[in-house]
file data_30.cif (mmCIF, N, CA and C atoms)
data_target
loop_
_atom_site.group_PDB
_atom_site.id
_atom_site.type_symbol
_atom_site.label_atom_id
_atom_site.label_comp_id
_atom_site.auth_asym_id
_atom_site.auth_seq_id
_atom_site.Cartn_x
_atom_site.Cartn_y
_atom_site.Cartn_z
ATOM 1 N N MET A 1 8.225 13.239 0.071
ATOM 2 C CA MET A 1 8.006 11.859 0.436
ATOM 3 C C MET A 1 7.970 11.774 1.950
ATOM 4 N N VAL A 2 7.069 10.941 2.455
ATOM 5 C CA VAL A 2 6.941 10.713 3.882
ATOM 6 C C VAL A 2 7.603 9.388 4.210
ATOM 7 N N GLU A 3 8.555 9.398 5.105
ATOM 8 C CA GLU A 3 9.235 8.168 5.490
ATOM 9 C C GLU A 3 8.730 7.745 6.857
ATOM 10 N N THR A 4 8.202 6.544 6.935
ATOM 11 C CA THR A 4 7.583 6.072 8.160
ATOM 12 C C THR A 4 8.341 4.875 8.703
ATOM 13 N N LYS A 5 8.651 4.907 9.988
ATOM 14 C CA LYS A 5 9.354 3.798 10.612
ATOM 15 C C LYS A 5 8.526 3.184 11.739
ATOM 16 N N LEU A 6 7.215 3.433 11.736
ATOM 17 C CA LEU A 6 6.346 2.882 12.764
ATOM 18 C C LEU A 6 6.249 1.370 12.616
ATOM 19 N N ARG A 7 6.083 0.700 13.725
ATOM 20 C CA ARG A 7 5.890 -0.748 13.719
ATOM 21 C C ARG A 7 4.413 -1.041 13.938
ATOM 22 N N ALA A 8 3.903 -2.024 13.258
ATOM 23 C CA ALA A 8 2.520 -2.452 13.448
ATOM 24 C C ALA A 8 2.513 -3.962 13.535
ATOM 25 N N HIS A 9 1.414 -4.511 13.964
ATOM 26 C CA HIS A 9 1.290 -5.963 14.000
ATOM 27 C C HIS A 9 1.287 -6.500 12.581
ATOM 28 N N PHE A 10 1.971 -7.593 12.358
ATOM 29 C CA PHE A 10 2.015 -8.200 11.029
ATOM 30 C C PHE A 10 0.849 -9.148 10.862
ATOM 31 N N TYR A 11 0.156 -9.008 9.764
ATOM 32 C CA TYR A 11 -0.929 -9.905 9.410
ATOM 33 C C TYR A 11 -0.520 -10.648 8.146
ATOM 34 N N PRO A 12 -0.747 -11.950 8.077
ATOM 35 C CA PRO A 12 -0.398 -12.679 6.848
ATOM 36 C C PRO A 12 -1.126 -12.090 5.643
ATOM 37 N N VAL A 13 -0.417 -11.944 4.548
ATOM 38 C CA VAL A 13 -0.986 -11.374 3.331
ATOM 39 C C VAL A 13 -0.755 -12.353 2.202
ATOM 40 N N LYS A 14 -1.813 -12.707 1.491
ATOM 41 C CA LYS A 14 -1.671 -13.537 0.301
ATOM 42 C C LYS A 14 -1.429 -12.610 -0.882
ATOM 43 N N ILE A 15 -0.331 -12.821 -1.572
ATOM 44 C CA ILE A 15 0.002 -11.999 -2.731
ATOM 45 C C ILE A 15 -0.650 -12.622 -3.962
ATOM 46 N N PRO A 16 -1.538 -11.883 -4.636
ATOM 47 C CA PRO A 16 -2.226 -12.442 -5.800
ATOM 48 C C PRO A 16 -1.301 -12.555 -7.000
ATOM 49 N N PRO A 17 -1.632 -13.422 -7.959
ATOM 50 C CA PRO A 17 -0.801 -13.565 -9.164
ATOM 51 C C PRO A 17 -0.669 -12.265 -9.940
ATOM 52 N N SER A 18 -1.639 -11.343 -9.809
ATOM 53 C CA SER A 18 -1.578 -10.077 -10.545
ATOM 54 C C SER A 18 -0.506 -9.137 -9.997
ATOM 55 N N PHE A 19 0.038 -9.444 -8.813
ATOM 56 C CA PHE A 19 1.065 -8.599 -8.208
ATOM 57 C C PHE A 19 2.399 -8.943 -8.823
ATOM 58 N N ASN A 20 3.040 -7.969 -9.441
ATOM 59 C CA ASN A 20 4.330 -8.156 -10.066
ATOM 60 C C ASN A 20 5.391 -7.682 -9.074
ATOM 61 N N ALA A 21 6.181 -8.600 -8.546
ATOM 62 C CA ALA A 21 7.145 -8.269 -7.500
ATOM 63 C C ALA A 21 8.184 -7.244 -7.950
ATOM 64 N N ILE A 22 8.430 -7.142 -9.248
ATOM 65 C CA ILE A 22 9.411 -6.173 -9.734
ATOM 66 C C ILE A 22 8.803 -4.780 -9.809
ATOM 67 N N HIS A 23 7.578 -4.684 -10.297
ATOM 68 C CA HIS A 23 6.947 -3.383 -10.512
ATOM 69 C C HIS A 23 5.929 -3.013 -9.441
ATOM 70 N N GLY A 24 5.424 -3.985 -8.721
ATOM 71 C CA GLY A 24 4.435 -3.694 -7.694
ATOM 72 C C GLY A 24 3.018 -3.802 -8.226
ATOM 73 N N LEU A 25 2.114 -3.119 -7.557
ATOM 74 C CA LEU A 25 0.700 -3.183 -7.875
ATOM 75 C C LEU A 25 0.177 -1.775 -8.095
ATOM 76 N N GLU A 26 -0.473 -1.549 -9.209
ATOM 77 C CA GLU A 26 -1.143 -0.287 -9.450
ATOM 78 C C GLU A 26 -2.627 -0.543 -9.323
ATOM 79 N N PHE A 27 -3.336 0.371 -8.666
ATOM 80 C CA PHE A 27 -4.772 0.204 -8.507
ATOM 81 C C PHE A 27 -5.449 1.567 -8.466
ATOM 82 N N MET A 28 -6.766 1.555 -8.605
ATOM 83 C CA MET A 28 -7.566 2.778 -8.554
ATOM 84 C C MET A 28 -8.330 2.808 -7.243
ATOM 85 N N TYR A 29 -8.345 3.984 -6.612
ATOM 86 C CA TYR A 29 -9.160 4.194 -5.422
ATOM 87 C C TYR A 29 -9.801 5.564 -5.549
ATOM 88 N N ARG A 30 -11.123 5.585 -5.552
ATOM 89 C CA ARG A 30 -11.890 6.819 -5.721
ATOM 90 C C ARG A 30 -11.449 7.598 -6.953
ATOM 91 N N GLY A 31 -11.198 6.855 -8.034
ATOM 92 C CA GLY A 31 -10.841 7.468 -9.308
ATOM 93 C C GLY A 31 -9.408 7.950 -9.409
ATOM 94 N N LYS A 32 -8.589 7.650 -8.419
ATOM 95 C CA LYS A 32 -7.186 8.087 -8.423
ATOM 96 C C LYS A 32 -6.263 6.885 -8.578
ATOM 97 N N ASN A 33 -5.184 7.072 -9.344
ATOM 98 C CA ASN A 33 -4.182 6.029 -9.498
ATOM 99 C C ASN A 33 -3.350 5.921 -8.230
ATOM 100 N N CYS A 34 -3.104 4.698 -7.811
ATOM 101 C CA CYS A 34 -2.306 4.436 -6.619
ATOM 102 C C CYS A 34 -1.263 3.377 -6.943
ATOM 103 N N ILE A 35 -0.194 3.376 -6.187
ATOM 104 C CA ILE A 35 0.881 2.399 -6.375
ATOM 105 C C ILE A 35 1.217 1.779 -5.030
ATOM 106 N N PHE A 36 1.413 0.466 -5.026
ATOM 107 C CA PHE A 36 1.901 -0.266 -3.854
ATOM 108 C C PHE A 36 3.076 -1.075 -4.360
ATOM 109 N N SER A 37 4.279 -0.708 -3.973
ATOM 110 C CA SER A 37 5.488 -1.335 -4.497
ATOM 111 C C SER A 37 6.341 -1.878 -3.362
ATOM 112 N N ILE A 38 6.807 -3.109 -3.525
ATOM 113 C CA ILE A 38 7.720 -3.695 -2.558
ATOM 114 C C ILE A 38 9.005 -4.055 -3.297
ATOM 115 N N ALA A 39 10.074 -3.338 -2.960
ATOM 116 C CA ALA A 39 11.380 -3.593 -3.570
ATOM 117 C C ALA A 39 12.442 -3.187 -2.553
ATOM 118 N N GLY A 40 12.665 -4.030 -1.565
ATOM 119 C CA GLY A 40 13.566 -3.682 -0.471
ATOM 120 C C GLY A 40 12.812 -2.953 0.619
ATOM 121 N N ASP A 41 12.227 -1.800 0.278
ATOM 122 C CA ASP A 41 11.322 -1.116 1.190
ATOM 123 C C ASP A 41 9.940 -1.127 0.539
ATOM 124 N N ILE A 42 8.964 -0.526 1.174
ATOM 125 C CA ILE A 42 7.591 -0.550 0.684
ATOM 126 C C ILE A 42 7.186 0.882 0.379
ATOM 127 N N LEU A 43 6.714 1.113 -0.832
ATOM 128 C CA LEU A 43 6.315 2.442 -1.269
ATOM 129 C C LEU A 43 4.835 2.418 -1.616
ATOM 130 N N ILE A 44 4.080 3.350 -1.038
ATOM 131 C CA ILE A 44 2.676 3.518 -1.382
ATOM 132 C C ILE A 44 2.516 4.958 -1.836
ATOM 133 N N ALA A 45 1.929 5.160 -3.005
ATOM 134 C CA ALA A 45 1.707 6.503 -3.517
ATOM 135 C C ALA A 45 0.215 6.713 -3.743
ATOM 136 N N TYR A 46 -0.295 7.863 -3.282
ATOM 137 C CA TYR A 46 -1.707 8.216 -3.426
ATOM 138 C C TYR A 46 -1.808 9.726 -3.478
ATOM 139 N N LEU A 47 -2.542 10.242 -4.432
ATOM 140 C CA LEU A 47 -2.734 11.679 -4.616
ATOM 141 C C LEU A 47 -1.416 12.435 -4.746
ATOM 142 N N GLY A 48 -0.451 11.820 -5.445
ATOM 143 C CA GLY A 48 0.829 12.469 -5.686
ATOM 144 C C GLY A 48 1.761 12.493 -4.494
ATOM 145 N N GLU A 49 1.384 11.854 -3.404
ATOM 146 C CA GLU A 49 2.231 11.822 -2.208
ATOM 147 C C GLU A 49 2.730 10.404 -1.992
ATOM 148 N N GLU A 50 4.038 10.270 -1.825
ATOM 149 C CA GLU A 50 4.640 8.950 -1.623
ATOM 150 C C GLU A 50 4.920 8.723 -0.138
ATOM 151 N N HIS A 51 4.661 7.509 0.303
ATOM 152 C CA HIS A 51 4.923 7.103 1.681
ATOM 153 C C HIS A 51 5.822 5.879 1.631
ATOM 154 N N ARG A 52 6.945 5.926 2.333
ATOM 155 C CA ARG A 52 7.904 4.815 2.330
ATOM 156 C C ARG A 52 7.894 4.147 3.703
ATOM 157 N N PHE A 53 7.847 2.817 3.694
ATOM 158 C CA PHE A 53 7.791 2.035 4.926
ATOM 159 C C PHE A 53 8.869 0.962 4.896
ATOM 160 N N TYR A 54 9.224 0.473 6.073
ATOM 161 C CA TYR A 54 10.190 -0.610 6.187
ATOM 162 C C TYR A 54 9.566 -1.828 6.852
ATOM 163 N N ASP A 55 8.268 -1.775 7.066
ATOM 164 C CA ASP A 55 7.527 -2.843 7.720
ATOM 165 C C ASP A 55 6.195 -3.013 6.996
ATOM 166 N N LEU A 56 5.913 -4.219 6.489
ATOM 167 C CA LEU A 56 4.690 -4.459 5.727
ATOM 168 C C LEU A 56 3.447 -4.204 6.570
ATOM 169 N N GLY A 57 3.462 -4.621 7.812
ATOM 170 C CA GLY A 57 2.311 -4.387 8.683
ATOM 171 C C GLY A 57 2.007 -2.904 8.835
ATOM 172 N N ALA A 58 3.056 -2.100 9.021
ATOM 173 C CA ALA A 58 2.879 -0.648 9.147
ATOM 174 C C ALA A 58 2.336 -0.065 7.849
ATOM 175 N N ALA A 59 2.816 -0.558 6.709
ATOM 176 C CA ALA A 59 2.344 -0.060 5.412
ATOM 177 C C ALA A 59 0.861 -0.355 5.213
ATOM 178 N N LEU A 60 0.431 -1.551 5.586
ATOM 179 C CA LEU A 60 -0.966 -1.934 5.403
ATOM 180 C C LEU A 60 -1.898 -1.194 6.367
ATOM 181 N N GLU A 61 -1.385 -0.737 7.499
ATOM 182 C CA GLU A 61 -2.206 -0.094 8.529
ATOM 183 C C GLU A 61 -2.129 1.437 8.511
ATOM 184 N N ALA A 62 -1.218 2.022 7.736
ATOM 185 C CA ALA A 62 -1.044 3.478 7.734
ATOM 186 C C ALA A 62 -2.270 4.170 7.125
ATOM 187 N N PRO A 63 -2.806 5.196 7.780
ATOM 188 C CA PRO A 63 -4.014 5.873 7.296
ATOM 189 C C PRO A 63 -3.710 6.945 6.248
ATOM 190 N N ILE A 64 -3.266 6.525 5.071
ATOM 191 C CA ILE A 64 -2.868 7.492 4.042
ATOM 192 C C ILE A 64 -3.916 7.703 2.953
ATOM 193 N N PHE A 65 -4.955 6.919 2.921
ATOM 194 C CA PHE A 65 -6.010 7.057 1.911
ATOM 195 C C PHE A 65 -7.189 7.789 2.530
ATOM 196 N N ASP A 66 -7.130 9.109 2.542
ATOM 197 C CA ASP A 66 -8.168 9.937 3.154
ATOM 198 C C ASP A 66 -8.434 9.501 4.598
ATOM 199 N N GLY A 67 -7.362 9.229 5.348
ATOM 200 C CA GLY A 67 -7.480 8.840 6.743
ATOM 201 C C GLY A 67 -7.776 7.369 6.968
ATOM 202 N N ARG A 68 -7.748 6.576 5.899
ATOM 203 C CA ARG A 68 -8.014 5.141 6.004
ATOM 204 C C ARG A 68 -6.790 4.372 5.539
ATOM 205 N N SER A 69 -6.628 3.152 6.028
ATOM 206 C CA SER A 69 -5.480 2.332 5.634
ATOM 207 C C SER A 69 -5.810 1.507 4.394
ATOM 208 N N TYR A 70 -4.769 0.925 3.794
ATOM 209 C CA TYR A 70 -5.004 0.041 2.654
ATOM 210 C C TYR A 70 -5.881 -1.139 3.085
ATOM 211 N N ARG A 71 -5.651 -1.643 4.282
ATOM 212 C CA ARG A 71 -6.465 -2.755 4.788
ATOM 213 C C ARG A 71 -7.944 -2.350 4.833
ATOM 214 N N ASP A 72 -8.231 -1.080 5.177
ATOM 215 C CA ASP A 72 -9.614 -0.591 5.227
ATOM 216 C C ASP A 72 -10.243 -0.453 3.845
ATOM 217 N N ILE A 73 -9.449 -0.046 2.858
ATOM 218 C CA ILE A 73 -10.008 0.270 1.534
ATOM 219 C C ILE A 73 -9.844 -0.835 0.503
ATOM 220 N N ARG A 74 -9.158 -1.910 0.826
ATOM 221 C CA ARG A 74 -8.763 -2.891 -0.189
ATOM 222 C C ARG A 74 -9.936 -3.440 -1.001
ATOM 223 N N HIS A 75 -11.115 -3.528 -0.412
ATOM 224 C CA HIS A 75 -12.263 -4.055 -1.153
ATOM 225 C C HIS A 75 -12.950 -2.977 -1.992
ATOM 226 N N GLU A 76 -12.516 -1.739 -1.846
ATOM 227 C CA GLU A 76 -13.064 -0.631 -2.635
ATOM 228 C C GLU A 76 -12.173 -0.303 -3.835
ATOM 229 N N THR A 77 -11.064 -1.013 -3.989
ATOM 230 C CA THR A 77 -10.144 -0.769 -5.103
ATOM 231 C C THR A 77 -10.481 -1.708 -6.253
ATOM 232 N N ASP A 78 -9.900 -1.427 -7.415
ATOM 233 C CA ASP A 78 -10.141 -2.297 -8.561
ATOM 234 C C ASP A 78 -9.243 -3.524 -8.533
ATOM 235 N N ARG A 79 -8.303 -3.586 -7.601
ATOM 236 C CA ARG A 79 -7.439 -4.751 -7.381
ATOM 237 C C ARG A 79 -7.264 -4.924 -5.896
ATOM 238 N N ASN A 80 -7.125 -6.133 -5.447
ATOM 239 C CA ASN A 80 -7.028 -6.391 -4.016
ATOM 240 C C ASN A 80 -5.746 -7.138 -3.712
ATOM 241 N N LEU A 81 -4.860 -6.514 -2.943
ATOM 242 C CA LEU A 81 -3.607 -7.151 -2.531
ATOM 243 C C LEU A 81 -3.873 -8.099 -1.393
#
call {"tool": "encode", "arguments": {"input": "data_30.cif", "output": "structure tokens"}}
result
Amino acid sequence: MVETKLRAHFYPVKIPPSFNAIHGLEFMYRGKNCIFSIAGDILIAYLGEEHRFYDLGAALEAPIFDGRSYRDIRHETDRNL
């Protein structure tokens, strides 16, 4: 697991009704299952690698999806946070 404590600028995020605050959001990106979970800290999993964040802005901006951030790929997923 990669633990990240970087700070990024916070951008307002609208949480869709499909996002379950207890379980998080599962989505597909390039045919791979991904997880975005917020439960105290923020966990993003892609290609079997988990990344843990303590700042939502940093989580949304981290380049963990083949060098791209969730903000960059969100319209290419089957669900949009």
call {"tool": "residues_around", "arguments": {"input": "data_30.cif", "residues": "stretch 45-49 of chain A", "least_positions_apart": "4", "cutoff": "8 Å", "atoms": "only N, CA and C atoms", "output": "list in words"}}
result
Met1, Val2, Lys32, Asn33, Cys34, Ile35, Phe36, Ser37, Ile64 and Phe65 of chain A
call {"tool": "closest_residue", "arguments": {"input": "data_30.cif", "among": "A:Tyr54, A:Gly67, A:Ile73, A:Ile44", "to": "A:Tyr29", "atoms": "all atoms listed in the file"}}
result
A:Ile73
call {"tool": "atom_distance", "arguments": {"input": "data_30.cif", "atom1": "atom CA of A:Gly40", "atom2": "atom CA of A:Met28"}}
result
23.5 Å
call {"tool": "residues_near_point", "arguments": {"input": "data_30.cif", "point": "(-3.5, 1.3, 2.5)", "cutoff": "8 Å", "atoms": "only N, CA and C atoms", "output": "number ranges by chain"}}
result
A: 44, 59-65, 68-74
call {"tool": "atom_distance", "arguments": {"input": "data_30.cif", "atom1": "atom N of A:Gly57", "atom2": "atom CA of A:Asp41"}}
result
10.9 Å
call {"tool": "closest_residue", "arguments": {"input": "data_30.cif", "among": "A:His75, A:Glu26, A:Ile38, A:Asp66", "to": "A:Arg52", "atoms": "only C-alpha atoms"}}
result
A:Ile38
call {"tool": "atom_distance", "arguments": {"input": "data_30.cif", "atom1": "atom N of A:Thr77", "atom2": "atom C of A:Leu43"}}
result
16.4 Å
call {"tool": "axis_aligned_box", "arguments": {"input": "data_30.cif", "around": "stretch 50-64 of chain A", "padding_each_side": "6 Å", "output": "lines of an AutoDock Vina configuration file"}}
result
center_x = 3.1
center_y = 2.8
center_z = 3.7
size_x = 26.2
size_y = 26.9
size_z = 23.0
